[in-house]
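Peer 1: Sharing run-v9.pdb (PDB, C-alpha atoms) below.
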ATOM      1  CA  MET A 485     -21.040 -25.088 -37.023  1.00  0.00           C
ATOM      2  CA  PRO A 486     -18.125 -27.535 -37.410  1.00  0.00           C
ATOM      3  CA  GLN A 487     -14.677 -26.224 -38.196  1.00  0.00           C
ATOM      4  CA  GLN A 488     -14.108 -26.354 -41.954  1.00  0.00           C
ATOM      5  CA  PHE A 489     -10.391 -25.675 -42.140  1.00  0.00           C
ATOM      6  CA  GLY A 490      -7.721 -27.267 -39.973  1.00  0.00           C
ATOM      7  CA  ASP A 491      -4.510 -25.386 -40.670  1.00  0.00           C
ATOM      8  CA  PHE A 492      -3.257 -22.920 -43.263  1.00  0.00           C
ATOM      9  CA  THR A 493       0.302 -22.685 -44.512  1.00  0.00           C
ATOM     10  CA  ALA A 494       1.535 -20.202 -47.088  1.00  0.00           C
ATOM     11  CA  SER A 495       2.986 -21.529 -50.324  1.00  0.00           C
ATOM     12  CA  GLU A 496       3.789 -18.122 -51.873  1.00  0.00           C
ATOM     13  CA  LEU A 497       4.097 -14.623 -50.404  1.00  0.00           C
ATOM     14  CA  TYR A 498       4.989 -11.251 -51.888  1.00  0.00           C
ATOM     15  CA  CYS A 499       8.687 -10.447 -51.443  1.00  0.00           C
ATOM     16  CA  PRO A 500       9.563  -6.719 -51.447  1.00  0.00           C
ATOM     17  CA  LYS A 501      13.212  -7.435 -52.377  1.00  0.00           C
ATOM     18  CA  CYS A 502      12.325  -9.649 -55.356  1.00  0.00           C
ATOM     19  CA  ARG A 503       9.270  -7.461 -56.148  1.00  0.00           C
ATOM     20  CA  ARG A 504       7.027 -10.423 -56.869  1.00  0.00           C
ATOM     21  CA  ALA A 505       5.279 -13.366 -55.219  1.00  0.00           C
ATOM     22  CA  GLN A 506       7.855 -16.028 -54.388  1.00  0.00           C
ATOM     23  CA  PRO A 507       7.597 -19.574 -53.019  1.00  0.00           C
ATOM     24  CA  VAL A 508       8.374 -19.635 -49.293  1.00  0.00           C
ATOM     25  CA  ARG A 509      10.102 -22.017 -46.919  1.00  0.00           C
ATOM     26  CA  GLU A 510       8.807 -22.471 -43.376  1.00  0.00           C
ATOM     27  CA  LYS A 511      11.448 -22.488 -40.622  1.00  0.00           C
ATOM     28  CA  LEU A 512      10.851 -23.367 -36.953  1.00  0.00           C
ATOM     29  CA  LEU A 513      12.096 -20.460 -34.811  1.00  0.00           C
ATOM     30  CA  LEU A 514      10.948 -21.133 -31.238  1.00  0.00           C
ATOM     31  CA  VAL A 515       9.190 -23.789 -29.247  1.00  0.00           C
ATOM     32  CA  LEU A 516       6.886 -21.948 -26.848  1.00  0.00           C
ATOM     33  CA  PRO A 517       4.592 -23.269 -24.088  1.00  0.00           C
ATOM     34  CA  GLY A 518       1.583 -22.258 -26.196  1.00  0.00           C
ATOM     35  CA  GLY A 519       2.857 -23.633 -29.504  1.00  0.00           C
ATOM     36  CA  GLU A 520       5.606 -23.208 -32.068  1.00  0.00           C
ATOM     37  CA  LEU A 521       6.695 -20.003 -33.804  1.00  0.00           C
ATOM     38  CA  TYR A 522       7.506 -20.421 -37.512  1.00  0.00           C
ATOM     39  CA  GLU A 523       9.115 -17.947 -39.920  1.00  0.00           C
ATOM     40  CA  TYR A 524       8.426 -17.734 -43.664  1.00  0.00           C
ATOM     41  CA  LEU A 525      11.554 -17.228 -45.802  1.00  0.00           C
ATOM     42  CA  CYS A 526      11.702 -16.257 -49.480  1.00  0.00           C
ATOM     43  CA  THR A 527      13.307 -19.020 -51.551  1.00  0.00           C
ATOM     44  CA  GLY A 528      14.796 -16.435 -53.933  1.00  0.00           C
ATOM     45  CA  CYS A 529      16.622 -14.102 -51.521  1.00  0.00           C
ATOM     46  CA  ALA A 530      16.082 -15.680 -48.041  1.00  0.00           C
ATOM     47  CA  ALA A 531      14.330 -12.556 -46.709  1.00  0.00           C
ATOM     48  CA  THR A 532      11.871 -12.951 -43.840  1.00  0.00           C
ATOM     49  CA  LEU A 533       8.356 -12.533 -45.218  1.00  0.00           C
ATOM     50  CA  GLY A 534       6.224 -13.399 -42.213  1.00  0.00           C
ATOM     51  CA  GLN A 535       5.638 -15.467 -39.083  1.00  0.00           C
ATOM     52  CA  ARG A 536       2.954 -17.731 -37.698  1.00  0.00           C
ATOM     53  CA  THR A 537       2.296 -19.446 -34.374  1.00  0.00           C
ATOM     54  CA  VAL A 538       0.931 -22.978 -34.363  1.00  0.00           C
ATOM     55  CA  SER A 539      -0.846 -24.079 -31.202  1.00  0.00           C
ATOM     56  CA  GLY A 540      -1.566 -27.645 -30.240  1.00  0.00           C
ATOM     57  CA  PRO A 541       0.704 -30.462 -29.156  1.00  0.00           C
ATOM     58  CA  SER A 542       4.094 -28.822 -28.968  1.00  0.00           C
ATOM     59  CA  PHE A 543       7.180 -30.109 -30.709  1.00  0.00           C
ATOM     60  CA  ALA A 544       8.807 -30.701 -27.310  1.00  0.00           C
ATOM     61  CA  ALA A 545       5.824 -32.763 -26.120  1.00  0.00           C
ATOM     62  CA  VAL A 546       5.874 -34.892 -29.263  1.00  0.00           C
ATOM     63  CA  MET A 547       9.622 -35.485 -28.896  1.00  0.00           C
ATOM     64  CA  ALA A 548       9.201 -36.394 -25.208  1.00  0.00           C
ATOM     65  CA  GLN A 549       6.481 -38.875 -26.133  1.00  0.00           C
ATOM     66  CA  ARG A 550       8.717 -40.467 -28.774  1.00  0.00           C
ATOM     67  CA  ALA A 551      11.591 -40.711 -26.292  1.00  0.00           C
ATOM     68  CA  ALA A 552       9.291 -42.397 -23.762  1.00  0.00           C
ATOM     69  CA  LEU A 553       8.261 -44.954 -26.368  1.00  0.00           C
ATOM     70  CA  ARG A 554      11.901 -45.680 -27.192  1.00  0.00           C
ATOM     71  CA  SER A 555      12.875 -46.133 -23.555  1.00  0.00           C
ATOM     72  CA  LYS A 556      10.406 -48.973 -22.959  1.00  0.00           C
ATOM     73  CA  PRO A 557      12.272 -52.258 -22.542  1.00  0.00           C
ATOM     74  CA  VAL A 558      12.091 -54.520 -25.536  1.00  0.00           C
ATOM     75  CA  PRO A 559      11.498 -58.178 -24.648  1.00  0.00           C
ATOM     76  CA  ALA A 560      14.534 -60.325 -25.327  1.00  0.00           C
ATOM     77  CA  PRO A 561      14.198 -62.965 -28.010  1.00  0.00           C
ATOM     78  CA  PRO A 562      14.086 -66.563 -26.814  1.00  0.00           C
ATOM     79  CA  ALA A 563      17.499 -68.118 -26.297  1.00  0.00           C
ATOM     80  CA  ALA A 564      18.677 -69.882 -29.397  1.00  0.00           C
ATOM     81  CA  ARG A 565      19.930 -73.418 -29.121  1.00  0.00           C
ATOM     82  CA  PRO A 566      23.408 -74.073 -30.417  1.00  0.00           C
ATOM     83  CA  ALA A 567      23.387 -75.733 -33.785  1.00  0.00           C
ATOM     84  CA  ALA A 568      23.704 -79.507 -33.598  1.00  0.00           C
ATOM     85  CA  ARG A 569      27.051 -80.698 -34.902  1.00  0.00           C
ATOM     86  CA  LYS A 570      27.313 -83.475 -37.364  1.00  0.00           C
ATOM     87  CA  PRO A 571      29.260 -86.456 -36.034  1.00  0.00           C
ATOM     88  CA  ARG A 572      32.738 -86.711 -37.473  1.00  0.00           C
ATOM     89  CA  LEU A 573      34.059 -89.924 -38.831  1.00  0.00           C
ATOM     90  CA  LEU A 574      37.474 -90.775 -37.567  1.00  0.00           C
ATOM     91  CA  LEU A 575      39.423 -92.742 -40.103  1.00  0.00           C
ATOM     92  CA  LYS A 576      42.562 -94.599 -39.100  1.00  0.00           C
TER
END
Could you write out this structure as structure tokens?

Peer 2:
Amino acid sequence: MPQQFGDFTASELYCPKCRRAQPVREKLLLVLPGGELYEYLCTGCAATLGQRTVSGPSFAAVMAQRAALRSKPVPAPPAARPAARKPRLLLK
């Protein structure tokens, strides 16, 4: 059976301090060899409401790949010819 869902992220969680479901903000805590550890924070009081680990290509691997792409030498543009000067008329 093919996988139906790729990845879940919480949009609201119950906050015991606010005593109701609140929108949450996801914050990257750690970059681990097996994935990244994220923390869910309440947008009302900034309390920690939960954590999740995301496995797959790590943040460090993605950043290393981007750095490798940036370090490739860029071919230099062809040398531009100096602009031709208009002849000056010398009046005496």

Peer 1: Expand the PyMOL selection byres ((chain A and resi 531-533) around 8) into the individual residues it matches in the shown file, reporting them as a PDB file with C-alpha atoms, in the coordinates of the input.

Peer 2:
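This is the output file result.pdb:
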ATOM      1  CA  LEU A 497       4.097 -14.623 -50.404  1.00  0.00           C
ATOM      2  CA  TYR A 498       4.989 -11.251 -51.888  1.00  0.00           C
ATOM      3  CA  CYS A 499       8.687 -10.447 -51.443  1.00  0.00           C
ATOM      4  CA  LYS A 501      13.212  -7.435 -52.377  1.00  0.00           C
ATOM      5  CA  GLU A 523       9.115 -17.947 -39.920  1.00  0.00           C
ATOM      6  CA  TYR A 524       8.426 -17.734 -43.664  1.00  0.00           C
ATOM      7  CA  LEU A 525      11.554 -17.228 -45.802  1.00  0.00           C
ATOM      8  CA  CYS A 526      11.702 -16.257 -49.480  1.00  0.00           C
ATOM      9  CA  CYS A 529      16.622 -14.102 -51.521  1.00  0.00           C
ATOM     10  CA  ALA A 530      16.082 -15.680 -48.041  1.00  0.00           C
ATOM     11  CA  GLY A 534       6.224 -13.399 -42.213  1.00  0.00           C
ATOM     12  CA  GLN A 535       5.638 -15.467 -39.083  1.00  0.00           C
TER      13      GLN A 535
END

Peer 1: Under the rule that only C-alpha atoms are counted, which of A:Ala552, A:Ala494, A:Val508, A:Leu521 is the nearest residue to Gly540 in chain A?

Peer 2: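 Among the listed residues, the smallest separation from Gly540 in chain A belongs to A:Leu521.
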
Peer 1: Could you tell me how far CA of Glu496 in chain A sits from CA of Arg536 in chain A, in Å to one decimal place?

Peer 2: 14.2 Å

Peer 1: How many Å lie between CA of Gly518 in chain A and CA of Gln549 in chain A, rounded to one decimal?

Peer 2: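 Separation between CA of Gly518 in chain A and CA of Gln549 in chain A: 17.3 Å.
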
Peer 1: Which residues match the PyMOL selection byres ((chain A and resi 538) around 10) in the file above, as a ChimeraX atom specification?

Peer 2: /A:491-492,515-516,518-522,536-537,539-542

Peer 1: Can you tell me how far CA of Arg550 in chain A sits from CA of Thr493 in chain A, in Å to one decimal?

Peer 2: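 CA of Arg550 in chain A sits 25.2 Å away from CA of Thr493 in chain A.
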
Peer 1: Taking into account all atoms listed in the file, which residue in the set A:Val546, A:Ala551, A:Pro571, A:Gly528 is nearest to Arg509 in chain A?

Peer 2: A:Gly528
